[in-house]
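Here the structure is laid out as structure tokens; the discussion comes afterwards.
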Amino acid sequence: MEEPQRARSHTVTTTASSFAENFSTSSSSFAYDREFLRTLPGLLIVAEIVLGLLVWTLIAGTEYFRVPAFGWVMFVAVFYWVLTVFFLIIYITMTYTRIPQVPWTTVGLGFNGSAFILYLSAAVVDASSVSPERDSHNFNSWAASSFFAFLVTICYAGNTYFSFIAWRSRTIQ
């Protein structure tokens, strides 16, 4: 009875070691796509990161908790900022080529489309919550964050368009 157990553990060890070998060889040589940042979608992602950072830091530097609507703006801004940084890393390192099981064009369309819609709602909430009577010493930061939120919304709209074009060309084939 001990022979089948050894054979089974040997098979598991072999499978695990071959997985470790494949993982270590594939992760030791990272591809780097320098040209991605020169494309329009790449530039839009960089703009989303920079402008999104401005949106949430301009609000976070104030007493935003006094206005409940800014909680929604902070959630959308920080959430999509983190995810956009994550997607930028995926695109620059070409990780999407190593995970072909994921429908990246569909994921990109869903991400950019949801970011556009939620950022549009956050920008409108941000703009409608800004008033000099409410808290005059935070007015400039809140007004600037509203302006940048609309710029980020435009960037996500552009990337949604490019994602749709890529998704549509992928589904036609």
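We label chains A, B, ... in the order they appear in the structure tokens, count residues from 1 in each chain, and number ligands from 1 in the order shown.
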
- Message: If we count only C-alpha atoms and set the cut-off at 8 Å, which residues sit around stretch 135-144 of chain A, ignoring sequence neighbours fewer than 6 positions away in its own chain? Please answer as a ChimeraX atom specification.
- Response: /A:55,58-59,62-63,126-127

Produce a file of the selected residues containing N, CA and C atoms, as a PDB file, in the first residue's frame.
ATOM      1  N   VAL A  55      -7.515  64.979  -7.714  1.00  0.00           N
ATOM      2  CA  VAL A  55      -8.891  65.013  -7.211  1.00  0.00           C
ATOM      3  C   VAL A  55      -8.930  64.588  -5.757  1.00  0.00           C
ATOM      4  N   LEU A  58      -6.717  66.838  -3.240  1.00  0.00           N
ATOM      5  CA  LEU A  58      -7.302  68.153  -2.958  1.00  0.00           C
ATOM      6  C   LEU A  58      -8.463  68.049  -1.972  1.00  0.00           C
ATOM      7  N   ILE A  59      -9.209  66.967  -2.037  1.00  0.00           N
ATOM      8  CA  ILE A  59     -10.310  66.783  -1.085  1.00  0.00           C
ATOM      9  C   ILE A  59      -9.779  66.273   0.248  1.00  0.00           C
ATOM     10  N   THR A  62      -8.582  68.563   3.108  1.00  0.00           N
ATOM     11  CA  THR A  62      -9.559  69.456   3.743  1.00  0.00           C
ATOM     12  C   THR A  62     -10.367  68.676   4.775  1.00  0.00           C
ATOM     13  N   GLU A  63     -11.293  69.347   5.384  1.00  0.00           N
ATOM     14  CA  GLU A  63     -12.210  68.689   6.321  1.00  0.00           C
ATOM     15  C   GLU A  63     -13.447  68.216   5.549  1.00  0.00           C
ATOM     16  N   ASP A 126     -19.454  66.411  -6.752  1.00  0.00           N
ATOM     17  CA  ASP A 126     -18.383  67.298  -6.289  1.00  0.00           C
ATOM     18  C   ASP A 126     -18.718  68.752  -6.620  1.00  0.00           C
ATOM     19  N   ALA A 127     -19.101  69.001  -7.861  1.00  0.00           N
ATOM     20  CA  ALA A 127     -19.409  70.370  -8.283  1.00  0.00           C
ATOM     21  C   ALA A 127     -20.626  70.932  -7.565  1.00  0.00           C
TER      22      ALA A 127
END

- Item | Selection near A:Leu44, 12 Å with only C-alpha atoms, sequence-local residues under 2 positions removed, as an MDAnalysis selection string | chainID A and resid 36:42 46:52 84 88 112 151:163

- Message: Using only C-alpha atoms for the distances, tell me which of A:Leu120, A:Ala31, A:Ala77, A:Ala115 is nearest to A:Thr95.
- Response: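 Looking only at the distances to A:Thr95, the closest residue turns out to be A:Ala31.
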
- Item | Interatomic distance (Å, one decimal) between atom CA of A:Val82 and atom CA of A:Ser128 |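 Computing it gives 25.0 Å between the two atoms.
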
- Task: Identify, with DSSP run on backbone atoms, the residues in chain A assigned to helix (DSSP H, G or I), and express the list as a VMD selection string.
- Result: chain A and resid 2 to 28 34 to 38 40 to 60 64 to 66 69 to 92 95 to 97 104 to 129 136 to 172

- Message: Considering only C-alpha atoms, can you say which of A:Arg168, A:Arg66, A:Glu35, A:Tyr91 comes closest to A:Arg134?
- Response: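 The answer is A:Arg66, which sits nearest to A:Arg134.
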